[in-house]
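Coordinates as given in target-v3.cif (mmCIF, C-alpha atoms):
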```
data_final
#
loop_
_atom_site.group_PDB
_atom_site.id
_atom_site.type_symbol
_atom_site.label_atom_id
_atom_site.label_comp_id
_atom_site.auth_asym_id
_atom_site.auth_seq_id
_atom_site.Cartn_x
_atom_site.Cartn_y
_atom_site.Cartn_z
ATOM 1 C CA MET N 30 156.987 -67.512 -63.707
ATOM 2 C CA ALA N 31 154.269 -67.559 -66.362
ATOM 3 C CA GLY N 32 151.697 -64.846 -65.806
ATOM 4 C CA ARG N 33 153.657 -63.190 -62.998
ATOM 5 C CA LEU N 34 154.063 -59.402 -63.133
ATOM 6 C CA MET N 35 157.202 -57.401 -62.371
ATOM 7 C CA HIS N 36 158.148 -53.768 -61.831
ATOM 8 C CA ALA N 37 159.856 -52.180 -64.848
ATOM 9 C CA VAL N 38 160.722 -48.704 -66.127
ATOM 10 C CA GLN N 39 159.960 -47.857 -69.747
ATOM 11 C CA TYR N 40 159.462 -44.955 -72.145
ATOM 12 C CA ASN N 41 156.744 -44.717 -74.752
ATOM 13 C CA GLY N 42 158.384 -42.512 -77.395
ATOM 14 C CA TYR N 43 161.448 -40.465 -78.289
ATOM 15 C CA GLY N 44 162.523 -37.594 -76.047
ATOM 16 C CA GLY N 45 161.454 -36.604 -72.572
ATOM 17 C CA GLY N 46 164.658 -37.403 -70.681
ATOM 18 C CA ALA N 47 164.174 -38.594 -67.097
ATOM 19 C CA ALA N 48 160.601 -37.283 -67.075
ATOM 20 C CA GLY N 49 159.816 -39.604 -69.996
ATOM 21 C CA LEU N 50 160.474 -42.719 -67.918
ATOM 22 C CA LYS N 51 157.345 -44.454 -66.594
ATOM 23 C CA HIS N 52 157.056 -47.049 -63.819
ATOM 24 C CA VAL N 53 154.889 -49.958 -64.939
ATOM 25 C CA GLU N 54 153.889 -53.523 -64.085
ATOM 26 C CA VAL N 55 154.586 -55.887 -66.994
ATOM 27 C CA PRO N 56 154.737 -59.673 -67.392
ATOM 28 C CA VAL N 57 157.999 -61.402 -66.459
ATOM 29 C CA PRO N 58 159.625 -62.333 -69.815
ATOM 30 C CA ALA N 59 159.911 -65.990 -70.791
ATOM 31 C CA PRO N 60 163.303 -67.229 -72.038
ATOM 32 C CA LYS N 61 163.519 -68.684 -75.536
ATOM 33 C CA ASN N 62 165.461 -71.837 -76.360
ATOM 34 C CA ASP N 63 168.899 -70.139 -76.148
ATOM 35 C CA GLU N 64 168.057 -67.655 -73.402
ATOM 36 C CA ILE N 65 168.316 -67.371 -69.632
ATOM 37 C CA LEU N 66 165.842 -65.682 -67.266
ATOM 38 C CA LEU N 67 167.671 -63.541 -64.710
ATOM 39 C CA LYS N 68 166.522 -62.038 -61.439
ATOM 40 C CA LEU N 69 168.440 -58.782 -61.679
ATOM 41 C CA GLU N 70 170.705 -57.553 -58.882
ATOM 42 C CA ALA N 71 172.353 -54.571 -60.608
ATOM 43 C CA THR N 72 171.991 -52.667 -63.888
ATOM 44 C CA ALA N 73 174.471 -50.109 -65.226
ATOM 45 C CA ILE N 74 173.323 -46.969 -67.025
ATOM 46 C CA ASN N 75 175.320 -46.058 -70.146
ATOM 47 C CA PRO N 76 175.093 -42.788 -72.109
ATOM 48 C CA VAL N 77 173.946 -44.768 -75.154
ATOM 49 C CA ASP N 78 170.786 -45.678 -73.199
ATOM 50 C CA TRP N 79 169.493 -42.093 -73.014
ATOM 51 C CA LYS N 80 170.900 -41.275 -76.457
ATOM 52 C CA ILE N 81 168.603 -43.982 -77.867
ATOM 53 C CA GLN N 82 165.681 -42.363 -76.015
ATOM 54 C CA LYS N 83 166.720 -38.975 -77.420
ATOM 55 C CA GLY N 84 166.359 -40.415 -80.937
ATOM 56 C CA MET N 85 170.037 -40.311 -81.867
ATOM 57 C CA LEU N 86 169.857 -43.846 -83.314
ATOM 58 C CA ARG N 87 166.432 -43.630 -84.918
ATOM 59 C CA PRO N 88 164.997 -45.333 -86.926
ATOM 60 C CA PHE N 89 167.117 -48.349 -85.909
ATOM 61 C CA LEU N 90 166.682 -48.165 -82.137
ATOM 62 C CA PRO N 91 164.614 -48.847 -80.247
ATOM 63 C CA ARG N 92 162.958 -51.610 -82.239
ATOM 64 C CA LYS N 93 159.535 -50.677 -80.863
ATOM 65 C CA PHE N 94 157.744 -48.718 -78.123
ATOM 66 C CA PRO N 95 157.153 -48.998 -75.234
ATOM 67 C CA PHE N 96 160.805 -49.743 -74.513
ATOM 68 C CA VAL N 97 162.488 -50.889 -71.280
ATOM 69 C CA PRO N 98 166.055 -49.503 -71.583
ATOM 70 C CA ALA N 99 169.522 -50.650 -70.425
ATOM 71 C CA THR N 100 171.572 -53.692 -71.400
ATOM 72 C CA ASP N 101 174.351 -54.191 -68.815
ATOM 73 C CA VAL N 102 173.132 -56.419 -66.000
ATOM 74 C CA ALA N 103 174.177 -58.792 -63.263
ATOM 75 C CA GLY N 104 171.883 -61.202 -61.497
ATOM 76 C CA GLU N 105 170.930 -64.748 -60.619
ATOM 77 C CA VAL N 106 169.726 -67.385 -63.060
ATOM 78 C CA VAL N 107 166.090 -68.299 -62.364
ATOM 79 C CA HIS N 108 165.272 -70.443 -65.377
ATOM 80 C CA VAL N 109 167.035 -71.531 -68.577
ATOM 81 C CA GLY N 110 165.764 -72.258 -72.068
ATOM 82 C CA SER N 111 165.744 -75.850 -73.291
ATOM 83 C CA GLY N 112 168.894 -75.349 -75.385
ATOM 84 C CA VAL N 113 171.025 -73.739 -72.670
ATOM 85 C CA LYS N 114 173.911 -75.956 -71.531
ATOM 86 C CA SER N 115 176.319 -73.660 -69.644
ATOM 87 C CA PHE N 116 174.085 -72.305 -66.870
ATOM 88 C CA LYS N 117 171.624 -73.538 -64.277
ATOM 89 C CA ALA N 118 169.213 -71.980 -61.770
ATOM 90 C CA GLY N 119 171.097 -70.307 -58.926
ATOM 91 C CA ASP N 120 174.180 -69.318 -60.964
ATOM 92 C CA LYS N 121 175.404 -65.746 -60.462
ATOM 93 C CA VAL N 122 176.117 -64.100 -63.817
ATOM 94 C CA VAL N 123 176.789 -60.890 -65.735
ATOM 95 C CA ALA N 124 175.224 -60.372 -69.162
ATOM 96 C CA VAL N 125 174.796 -57.981 -72.067
ATOM 97 C CA LEU N 126 171.146 -57.830 -73.113
ATOM 98 C CA ASN N 127 170.137 -57.454 -76.755
ATOM 99 C CA THR N 128 170.361 -53.730 -77.646
ATOM 100 C CA LEU N 129 167.308 -54.066 -79.882
ATOM 101 C CA TYR N 130 165.082 -55.107 -77.010
ATOM 102 C CA GLY N 131 166.801 -53.752 -73.860
ATOM 103 C CA GLY N 132 165.137 -54.840 -70.637
ATOM 104 C CA GLY N 133 167.641 -53.865 -67.941
ATOM 105 C CA LEU N 134 165.491 -51.465 -65.913
ATOM 106 C CA ALA N 135 163.322 -54.202 -64.457
ATOM 107 C CA GLU N 136 163.223 -56.912 -61.806
ATOM 108 C CA PHE N 137 163.770 -59.722 -64.333
ATOM 109 C CA ALA N 138 165.296 -59.893 -67.820
ATOM 110 C CA VAL N 139 166.189 -62.483 -70.455
ATOM 111 C CA ALA N 140 169.746 -62.777 -71.769
ATOM 112 C CA LYS N 141 171.321 -64.840 -74.543
ATOM 113 C CA GLU N 142 173.508 -67.691 -73.315
ATOM 114 C CA SER N 143 176.145 -66.497 -75.808
ATOM 115 C CA LEU N 144 176.470 -63.117 -74.040
ATOM 116 C CA THR N 145 176.270 -64.322 -70.438
ATOM 117 C CA VAL N 146 179.270 -64.997 -68.193
ATOM 118 C CA LEU N 147 179.574 -66.607 -64.745
ATOM 119 C CA ARG N 148 180.346 -64.116 -61.951
ATOM 120 C CA PRO N 149 182.753 -65.418 -59.309
ATOM 121 C CA PRO N 150 181.972 -64.651 -55.646
ATOM 122 C CA GLU N 151 184.957 -62.262 -55.482
ATOM 123 C CA VAL N 152 183.175 -59.918 -57.951
ATOM 124 C CA SER N 153 180.042 -58.125 -56.724
ATOM 125 C CA ALA N 154 176.946 -57.688 -58.882
ATOM 126 C CA VAL N 155 177.606 -53.958 -59.236
ATOM 127 C CA GLU N 156 181.290 -54.443 -60.120
ATOM 128 C CA ALA N 157 180.283 -56.923 -62.824
ATOM 129 C CA ALA N 158 177.348 -54.935 -64.240
ATOM 130 C CA GLY N 159 179.646 -51.989 -64.968
ATOM 131 C CA LEU N 160 181.802 -54.022 -67.328
ATOM 132 C CA PRO N 161 179.864 -54.928 -70.487
ATOM 133 C CA ILE N 162 179.505 -51.814 -72.664
ATOM 134 C CA ALA N 163 181.987 -49.490 -70.918
ATOM 135 C CA GLY N 164 184.641 -52.100 -70.172
ATOM 136 C CA LEU N 165 184.358 -53.801 -73.554
ATOM 137 C CA THR N 166 184.534 -50.437 -75.358
ATOM 138 C CA ALA N 167 187.760 -49.579 -73.517
ATOM 139 C CA HIS N 168 189.154 -53.063 -74.183
ATOM 140 C CA GLN N 169 188.310 -53.006 -77.897
ATOM 141 C CA ALA N 170 189.675 -49.473 -78.368
ATOM 142 C CA LEU N 171 193.003 -50.349 -76.749
ATOM 143 C CA THR N 172 193.599 -53.885 -78.005
ATOM 144 C CA GLU N 173 192.071 -53.822 -81.489
ATOM 145 C CA SER N 174 192.276 -50.158 -82.546
ATOM 146 C CA ALA N 175 195.388 -48.988 -80.652
ATOM 147 C CA GLY N 176 197.238 -52.320 -80.735
ATOM 148 C CA VAL N 177 198.095 -52.380 -77.013
ATOM 149 C CA LYS N 178 198.984 -55.810 -75.608
ATOM 150 C CA LEU N 179 197.547 -56.090 -72.094
ATOM 151 C CA ASP N 180 200.222 -58.573 -70.971
ATOM 152 C CA GLY N 181 202.805 -55.777 -71.040
ATOM 153 C CA SER N 182 204.603 -57.065 -74.122
ATOM 154 C CA GLY N 183 204.790 -55.327 -77.469
ATOM 155 C CA GLN N 184 206.020 -51.945 -78.614
ATOM 156 C CA HIS N 185 205.802 -49.018 -76.180
ATOM 157 C CA LYS N 186 202.887 -46.702 -76.956
ATOM 158 C CA ASN N 187 201.942 -43.228 -75.818
ATOM 159 C CA ILE N 188 198.192 -43.104 -75.170
ATOM 160 C CA LEU N 189 195.865 -40.173 -74.494
ATOM 161 C CA ILE N 190 192.512 -40.876 -72.841
ATOM 162 C CA THR N 191 189.945 -38.054 -72.778
ATOM 163 C CA ALA N 192 187.172 -37.896 -70.145
ATOM 164 C CA ALA N 193 189.225 -40.369 -68.143
ATOM 165 C CA SER N 194 187.077 -40.217 -64.995
ATOM 166 C CA GLY N 195 183.911 -41.412 -66.751
ATOM 167 C CA GLY N 196 182.551 -44.896 -67.400
ATOM 168 C CA VAL N 197 184.684 -45.909 -70.397
ATOM 169 C CA GLY N 198 187.578 -43.621 -69.477
ATOM 170 C CA HIS N 199 188.227 -45.030 -66.008
ATOM 171 C CA TYR N 200 188.401 -48.569 -67.399
ATOM 172 C CA ALA N 201 190.605 -47.410 -70.306
ATOM 173 C CA VAL N 202 193.228 -45.889 -67.991
ATOM 174 C CA GLN N 203 193.479 -49.077 -65.922
ATOM 175 C CA LEU N 204 193.580 -51.405 -68.940
ATOM 176 C CA ALA N 205 196.125 -49.254 -70.777
ATOM 177 C CA LYS N 206 198.483 -49.408 -67.805
ATOM 178 C CA LEU N 207 198.460 -53.221 -68.007
ATOM 179 C CA GLY N 208 200.231 -52.712 -71.333
ATOM 180 C CA ASN N 209 203.591 -51.181 -72.218
ATOM 181 C CA THR N 210 202.252 -47.619 -72.282
ATOM 182 C CA HIS N 211 202.635 -44.068 -71.070
ATOM 183 C CA VAL N 212 199.128 -42.754 -70.338
ATOM 184 C CA THR N 213 198.122 -39.105 -70.429
ATOM 185 C CA ALA N 214 194.530 -38.480 -69.326
ATOM 186 C CA THR N 215 192.117 -35.556 -69.252
ATOM 187 C CA CYS N 216 189.428 -34.829 -66.652
ATOM 188 C CA GLY N 217 188.030 -31.990 -64.536
ATOM 189 C CA ALA N 218 190.047 -30.503 -61.682
ATOM 190 C CA ARG N 219 188.106 -32.380 -58.981
ATOM 191 C CA ASN N 220 189.047 -35.755 -60.480
ATOM 192 C CA ILE N 221 192.781 -35.263 -61.085
ATOM 193 C CA ASP N 222 193.861 -37.229 -57.999
ATOM 194 C CA PHE N 223 191.297 -39.926 -58.767
ATOM 195 C CA VAL N 224 192.582 -40.424 -62.326
ATOM 196 C CA LYS N 225 196.178 -40.501 -61.048
ATOM 197 C CA SER N 226 195.110 -43.216 -58.598
ATOM 198 C CA LEU N 227 193.915 -45.314 -61.559
ATOM 199 C CA GLY N 228 197.479 -45.257 -62.894
ATOM 200 C CA ALA N 229 197.630 -42.332 -65.336
ATOM 201 C CA ASP N 230 201.190 -40.987 -65.747
ATOM 202 C CA ASP N 231 200.127 -37.439 -66.669
ATOM 203 C CA VAL N 232 196.735 -35.806 -66.044
ATOM 204 C CA LEU N 233 195.428 -32.656 -67.747
ATOM 205 C CA ASP N 234 192.619 -30.447 -66.461
ATOM 206 C CA TYR N 235 190.631 -29.981 -69.665
ATOM 207 C CA LYS N 236 189.338 -26.570 -68.513
ATOM 208 C CA THR N 237 192.792 -24.968 -68.300
ATOM 209 C CA PRO N 238 194.452 -23.388 -71.389
ATOM 210 C CA GLU N 239 197.196 -26.040 -71.265
ATOM 211 C CA GLY N 240 194.714 -28.867 -70.863
ATOM 212 C CA ALA N 241 192.547 -27.619 -73.713
ATOM 213 C CA THR N 242 195.454 -28.015 -76.148
ATOM 214 C CA LEU N 243 195.814 -31.695 -75.068
ATOM 215 C CA LYS N 244 199.598 -31.284 -75.223
ATOM 216 C CA SER N 245 201.526 -33.913 -73.265
ATOM 217 C CA PRO N 246 203.244 -32.425 -70.174
ATOM 218 C CA SER N 247 206.224 -34.663 -70.929
ATOM 219 C CA GLY N 248 206.348 -33.587 -74.576
ATOM 220 C CA ARG N 249 205.275 -36.935 -75.990
ATOM 221 C CA LYS N 250 203.332 -37.392 -79.215
ATOM 222 C CA TYR N 251 200.353 -39.755 -78.917
ATOM 223 C CA ASP N 252 200.289 -42.990 -80.876
ATOM 224 C CA ALA N 253 196.595 -43.372 -80.084
ATOM 225 C CA VAL N 254 193.827 -41.391 -78.409
ATOM 226 C CA VAL N 255 190.895 -43.153 -76.747
ATOM 227 C CA HIS N 256 188.454 -40.302 -77.220
ATOM 228 C CA CYS N 257 185.665 -40.579 -74.634
ATOM 229 C CA ALA N 258 184.735 -36.872 -74.532
ATOM 230 C CA SER N 259 182.769 -34.848 -77.068
ATOM 231 C CA HIS N 260 183.101 -31.518 -78.897
ATOM 232 C CA ILE N 261 186.860 -31.724 -79.516
ATOM 233 C CA PRO N 262 187.716 -31.206 -83.218
ATOM 234 C CA PHE N 263 190.350 -33.336 -84.929
ATOM 235 C CA SER N 264 192.422 -30.174 -85.465
ATOM 236 C CA THR N 265 193.049 -30.053 -81.694
ATOM 237 C CA PHE N 266 194.371 -33.618 -81.666
ATOM 238 C CA GLU N 267 196.380 -33.478 -84.903
ATOM 239 C CA PRO N 268 199.502 -31.536 -83.746
ATOM 240 C CA ASN N 269 199.774 -33.856 -80.723
ATOM 241 C CA LEU N 270 199.720 -37.107 -82.702
ATOM 242 C CA SER N 271 202.757 -39.159 -83.708
ATOM 243 C CA GLU N 272 203.376 -39.720 -87.422
ATOM 244 C CA TYR N 273 200.840 -42.535 -87.661
ATOM 245 C CA GLY N 274 198.757 -41.498 -84.661
ATOM 246 C CA LYS N 275 195.046 -42.240 -84.568
ATOM 247 C CA VAL N 276 192.057 -40.857 -82.666
ATOM 248 C CA ILE N 277 189.678 -43.662 -81.683
ATOM 249 C CA ASP N 278 186.268 -42.026 -81.386
ATOM 250 C CA ILE N 279 183.929 -44.045 -79.158
ATOM 251 C CA THR N 280 180.941 -41.728 -79.818
ATOM 252 C CA PRO N 281 181.233 -40.891 -83.521
ATOM 253 C CA THR N 282 179.170 -37.914 -84.703
ATOM 254 C CA ALA N 283 178.298 -36.748 -88.230
ATOM 255 C CA SER N 284 181.188 -34.247 -88.196
ATOM 256 C CA GLY N 285 183.496 -36.943 -86.830
ATOM 257 C CA MET N 286 182.528 -39.324 -89.617
ATOM 258 C CA LEU N 287 183.225 -36.550 -92.150
ATOM 259 C CA THR N 288 186.728 -36.257 -90.690
ATOM 260 C CA VAL N 289 187.172 -40.029 -91.067
ATOM 261 C CA VAL N 290 186.279 -39.814 -94.767
ATOM 262 C CA LEU N 291 188.422 -36.726 -95.435
ATOM 263 C CA LYS N 292 191.480 -38.302 -93.797
ATOM 264 C CA GLN N 293 191.042 -41.384 -95.972
ATOM 265 C CA LEU N 294 190.538 -39.357 -99.164
ATOM 266 C CA THR N 295 193.687 -37.319 -98.524
ATOM 267 C CA PHE N 296 195.724 -40.423 -97.570
ATOM 268 C CA SER N 297 196.590 -38.801 -94.260
ATOM 269 C CA LYS N 298 198.922 -40.796 -92.010
ATOM 270 C CA LYS N 299 197.053 -39.433 -88.984
ATOM 271 C CA LYS N 300 193.547 -40.840 -88.753
ATOM 272 C CA MET N 301 190.201 -40.634 -86.979
ATOM 273 C CA VAL N 302 188.840 -44.133 -86.348
ATOM 274 C CA PRO N 303 185.185 -44.639 -85.308
ATOM 275 C CA LEU N 304 184.564 -47.441 -82.831
ATOM 276 C CA LEU N 305 181.403 -49.496 -82.558
ATOM 277 C CA VAL N 306 181.704 -51.946 -79.691
ATOM 278 C CA ILE N 307 180.910 -55.577 -80.528
ATOM 279 C CA PRO N 308 180.284 -57.481 -77.263
ATOM 280 C CA LYS N 309 182.034 -60.852 -77.129
ATOM 281 C CA LYS N 310 181.653 -63.414 -74.368
ATOM 282 C CA GLU N 311 185.360 -64.284 -74.132
ATOM 283 C CA LYS N 312 186.317 -60.607 -73.776
ATOM 284 C CA LEU N 313 183.740 -60.118 -71.004
ATOM 285 C CA GLU N 314 185.115 -63.220 -69.237
ATOM 286 C CA PHE N 315 188.592 -61.696 -69.506
ATOM 287 C CA LEU N 316 187.440 -58.453 -67.852
ATOM 288 C CA VAL N 317 185.543 -60.264 -65.081
ATOM 289 C CA ASN N 318 188.699 -62.251 -64.358
ATOM 290 C CA LEU N 319 190.782 -59.042 -64.157
ATOM 291 C CA VAL N 320 188.362 -57.718 -61.530
ATOM 292 C CA LYS N 321 188.598 -61.015 -59.644
ATOM 293 C CA GLU N 322 192.408 -60.761 -59.686
ATOM 294 C CA GLY N 323 192.351 -57.141 -58.480
ATOM 295 C CA LYS N 324 193.871 -55.804 -61.710
ATOM 296 C CA LEU N 325 190.765 -53.849 -62.730
ATOM 297 C CA LYS N 326 188.159 -52.106 -60.630
ATOM 298 C CA THR N 327 184.708 -50.734 -61.307
ATOM 299 C CA VAL N 328 184.423 -47.339 -59.666
ATOM 300 C CA ILE N 329 180.905 -46.653 -58.407
ATOM 301 C CA ASP N 330 179.631 -43.110 -58.849
ATOM 302 C CA SER N 331 176.202 -43.802 -57.395
ATOM 303 C CA ILE N 332 173.544 -46.492 -56.881
ATOM 304 C CA TYR N 333 169.791 -45.851 -57.116
ATOM 305 C CA PRO N 334 166.856 -48.152 -56.374
ATOM 306 C CA LEU N 335 164.669 -49.098 -59.351
ATOM 307 C CA SER N 336 161.969 -46.885 -57.833
ATOM 308 C CA LYS N 337 164.316 -43.912 -58.448
ATOM 309 C CA ALA N 338 165.618 -44.986 -61.855
ATOM 310 C CA GLU N 339 164.761 -41.572 -63.305
ATOM 311 C CA ASP N 340 167.302 -39.987 -60.920
ATOM 312 C CA ALA N 341 170.030 -42.318 -62.220
ATOM 313 C CA TRP N 342 168.958 -41.420 -65.768
ATOM 314 C CA ALA N 343 169.195 -37.678 -65.022
ATOM 315 C CA LYS N 344 172.623 -38.137 -63.396
ATOM 316 C CA SER N 345 173.919 -39.873 -66.519
ATOM 317 C CA ILE N 346 172.495 -37.182 -68.826
ATOM 318 C CA ASP N 347 174.211 -34.537 -66.666
ATOM 319 C CA GLY N 348 177.493 -36.082 -67.788
ATOM 320 C CA HIS N 349 179.698 -35.528 -64.746
ATOM 321 C CA SER N 350 179.762 -38.945 -63.131
ATOM 322 C CA THR N 351 182.975 -40.361 -61.698
ATOM 323 C CA GLY N 352 182.925 -43.998 -62.723
ATOM 324 C CA LYS N 353 179.630 -45.797 -63.248
ATOM 325 C CA ILE N 354 175.977 -45.196 -62.314
ATOM 326 C CA PHE N 355 173.842 -48.170 -61.244
ATOM 327 C CA VAL N 356 170.240 -49.125 -60.553
ATOM 328 C CA GLU N 357 169.319 -51.952 -58.179
ATOM 329 C CA PRO N 358 165.852 -53.621 -58.230
#
```
Serialized structure, structure tokens:
Amino acid sequence: MAGRLMHAVQYNGYGGGAAGLKHVEVPVPAPKNDEILLKLEATAINPVDWKIQKGMLRPFLPRKFPFVPATDVAGEVVHVGSGVKSFKAGDKVVAVLNTLYGGGLAEFAVAKESLTVLRPPEVSAVEAAGLPIAGLTAHQALTESAGVKLDGSGQHKNILITAASGGVGHYAVQLAKLGNTHVTATCGARNIDFVKSLGADDVLDYKTPEGATLKSPSGRKYDAVVHCASHIPFSTFEPNLSEYGKVIDITPTASGMLTVVLKQLTFSKKKMVPLLVIPKKEKLEFLVNLVKEGKLKTVIDSIYPLSKAEDAWAKSIDGHSTGKIFVEP
């Protein structure tokens, strides 16, 4: 592939939104010793992708400009580095690309062997590409932060999931119901039936007065909240939490981090817990297997060709997707 060019979408600086994305021809990347070259079949857009462009993680991300965004990909192995043992050309896989370097909005990308998983034929490229960041965030929030056991064992827990029709939220509802839980979920009116179909026991329309209070229709106090929405203060959650209830914030803000510190300083039993997802190969394999077994599904909001990647970007920024948004080369 040396010297061959590919179509990619990049941005050259912070800001600009969808209009800041530029279609370019760049060299196909070469895999290092522990890397795999993939011909991409599907790439998922995550809110963190455009938040990086917006400058919300500067000066850490991106590492340099120009930057080809997106990290959640599925594709076919074209070539492997000399140290790669688990994959060969022709394998169908799903991978999480290095956040520092991105690369997902392109025809080809390189992935680390350590963050690449085989994709069985029962799982489509799009279904698999939705899993890495969104699925792993939901999994980590429920299993590590909330203490839910996904085999159905363990103590019963009452869980609240906000923005339950979105990327992380729709996975969180399904995963939570694999455990011994009662799930209350919030979403807009148009998605109430959809969220119920995912398994939620109670669904609140967040725009109604009752929904805005987050109070459980069945009068339950929440042991944990998987907080996928934004602009909800801790004071709204607090009266609805059980004695040791916690709010797991998947998009921590400055004000949210202040709440975390204040709750620790005052030795509060009720806590705000920030979550930073740490992708792990074995967890991604677990999620792929759940999809294969029909226990978890990736809901597709929309699919755009790479030539219209800016439309997918704008749809994600708009913030009202149901499930996941994808780009296909």
Test item: the PyMOL selection byres ((chain N and resi 92) around 7) resolved as JSON, numbers by chain
{"N": [89, 90, 91, 93, 129, 130]}
Around the point (172.0, -57.2, -66.9), in the coordinates given by the file, pick out the residues reaching within 7 Å, counting all atoms listed in the file, and return them as a PDB file with C-alpha atoms, keeping the file's coordinate frame.
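What landed in selection09.pdb:
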```pdb
ATOM      1  CA  LEU N  69     168.440 -58.782 -61.679  1.00  0.00           C
ATOM      2  CA  ALA N  71     172.353 -54.571 -60.608  1.00  0.00           C
ATOM      3  CA  THR N  72     171.991 -52.667 -63.888  1.00  0.00           C
ATOM      4  CA  THR N 100     171.572 -53.692 -71.400  1.00  0.00           C
ATOM      5  CA  ASP N 101     174.351 -54.191 -68.815  1.00  0.00           C
ATOM      6  CA  VAL N 102     173.132 -56.419 -66.000  1.00  0.00           C
ATOM      7  CA  ALA N 103     174.177 -58.792 -63.263  1.00  0.00           C
ATOM      8  CA  GLY N 104     171.883 -61.202 -61.497  1.00  0.00           C
ATOM      9  CA  VAL N 123     176.789 -60.890 -65.735  1.00  0.00           C
ATOM     10  CA  ALA N 124     175.224 -60.372 -69.162  1.00  0.00           C
ATOM     11  CA  VAL N 125     174.796 -57.981 -72.067  1.00  0.00           C
ATOM     12  CA  LEU N 126     171.146 -57.830 -73.113  1.00  0.00           C
ATOM     13  CA  GLY N 133     167.641 -53.865 -67.941  1.00  0.00           C
ATOM     14  CA  ALA N 158     177.348 -54.935 -64.240  1.00  0.00           C
TER      15      ALA N 158
END
```
Residues matched by the PyMOL selection byres ((chain N and resi 180-188) around 12), written as number ranges by chain
N: 170-172, 174-179, 189-191, 193, 201-215, 229-232, 243-245, 247-256, 269-271, 273-277, 319, 324
Which residues would end up in the selection if the PyMOL selection byres ((chain N and resi 305) around 8) were applied here, given that I need the answer as a VMD selection string?
chain N and resid 166 279 303 to 304 306 to 307
Generate a file of the selected residues that holds C-alpha atoms, formatted as an mmCIF file, in the coordinates of the input.
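The result, stored in out10.cif:
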```
data_model
loop_
_atom_site.group_PDB
_atom_site.id
_atom_site.type_symbol
_atom_site.label_atom_id
_atom_site.label_comp_id
_atom_site.auth_asym_id
_atom_site.auth_seq_id
_atom_site.Cartn_x
_atom_site.Cartn_y
_atom_site.Cartn_z
ATOM 1 C CA THR N 166 184.534 -50.437 -75.358
ATOM 2 C CA ILE N 279 183.929 -44.045 -79.158
ATOM 3 C CA PRO N 303 185.185 -44.639 -85.308
ATOM 4 C CA LEU N 304 184.564 -47.441 -82.831
ATOM 5 C CA VAL N 306 181.704 -51.946 -79.691
ATOM 6 C CA ILE N 307 180.910 -55.577 -80.528
#
```
Atom pair CA of Gly112 (chain N) / CA of Lys61 (chain N): separation (Å)
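Those two atoms sit 8.6 Å apart.
The closest residue to Pro58 (chain N), picked from N:Val122, N:Ala135, N:Val113, N:Gly45 and counting all atoms listed in the file, is N:Ala135.
Residues in contact range of Pro60 (chain N), defined as at most 9 Å between all atoms listed in the file, with sequence neighbours fewer than 2 positions away removed, read Pro58, Asn62, Asp63, Glu64, Ile65, Leu66, His108, Val109, Gly110, Ala138, Val139, Ala140 and Lys141 of chain N.
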Length of the CA of Ile332 (chain N) to CA of Ser153 (chain N) vector [Å]:
13.3 Å
Within 12 Å of region 346-349 of chain N, counting all atoms listed in the file, which residues show up once you throw out same-chain ones fewer than 3 positions away? Write them as a ChimeraX atom specification, please.
/N:45-47,74-83,192-196,216-220,257-259,330-331,339-343,352-354
Could the residues in this selection be written to a file with C-alpha atoms, as a short mmCIF file (atom, residue, chain, number, x, y, z; two decimals), keeping the file's coordinate frame?
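Writing done, so here's again-v8.cif:
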```
data_model
loop_
_atom_site.label_atom_id
_atom_site.label_comp_id
_atom_site.auth_asym_id
_atom_site.auth_seq_id
_atom_site.Cartn_x
_atom_site.Cartn_y
_atom_site.Cartn_z
CA GLY N 45 161.45 -36.60 -72.57
CA GLY N 46 164.66 -37.40 -70.68
CA ALA N 47 164.17 -38.59 -67.10
CA ILE N 74 173.32 -46.97 -67.03
CA ASN N 75 175.32 -46.06 -70.15
CA PRO N 76 175.09 -42.79 -72.11
CA VAL N 77 173.95 -44.77 -75.15
CA ASP N 78 170.79 -45.68 -73.20
CA TRP N 79 169.49 -42.09 -73.01
CA LYS N 80 170.90 -41.28 -76.46
CA ILE N 81 168.60 -43.98 -77.87
CA GLN N 82 165.68 -42.36 -76.02
CA LYS N 83 166.72 -38.98 -77.42
CA ALA N 192 187.17 -37.90 -70.14
CA ALA N 193 189.22 -40.37 -68.14
CA SER N 194 187.08 -40.22 -65.00
CA GLY N 195 183.91 -41.41 -66.75
CA GLY N 196 182.55 -44.90 -67.40
CA CYS N 216 189.43 -34.83 -66.65
CA GLY N 217 188.03 -31.99 -64.54
CA ALA N 218 190.05 -30.50 -61.68
CA ARG N 219 188.11 -32.38 -58.98
CA ASN N 220 189.05 -35.76 -60.48
CA CYS N 257 185.66 -40.58 -74.63
CA ALA N 258 184.74 -36.87 -74.53
CA SER N 259 182.77 -34.85 -77.07
CA ASP N 330 179.63 -43.11 -58.85
CA SER N 331 176.20 -43.80 -57.40
CA GLU N 339 164.76 -41.57 -63.30
CA ASP N 340 167.30 -39.99 -60.92
CA ALA N 341 170.03 -42.32 -62.22
CA TRP N 342 168.96 -41.42 -65.77
CA ALA N 343 169.20 -37.68 -65.02
CA GLY N 352 182.92 -44.00 -62.72
CA LYS N 353 179.63 -45.80 -63.25
CA ILE N 354 175.98 -45.20 -62.31
#
```
Starting from the block above, write region 174-183 of chain N out to a file with C-alpha atoms, as a short mmCIF file (atom, residue, chain, number, x, y, z; two decimals), in the first residue's frame, please.
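Saved as result-v5.cif:
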```
data_model
loop_
_atom_site.label_atom_id
_atom_site.label_comp_id
_atom_site.auth_asym_id
_atom_site.auth_seq_id
_atom_site.Cartn_x
_atom_site.Cartn_y
_atom_site.Cartn_z
CA SER N 174 -19.20 2.26 39.09
CA ALA N 175 -22.72 0.98 39.84
CA GLY N 176 -21.72 -2.57 40.77
CA VAL N 177 -24.31 -4.30 38.55
CA LYS N 178 -23.58 -7.94 37.73
CA LEU N 179 -24.63 -8.61 34.13
CA ASP N 180 -25.29 -12.31 34.79
CA GLY N 181 -28.36 -11.37 36.84
CA SER N 182 -26.82 -12.28 40.18
CA GLY N 183 -26.03 -9.87 42.99
#
```
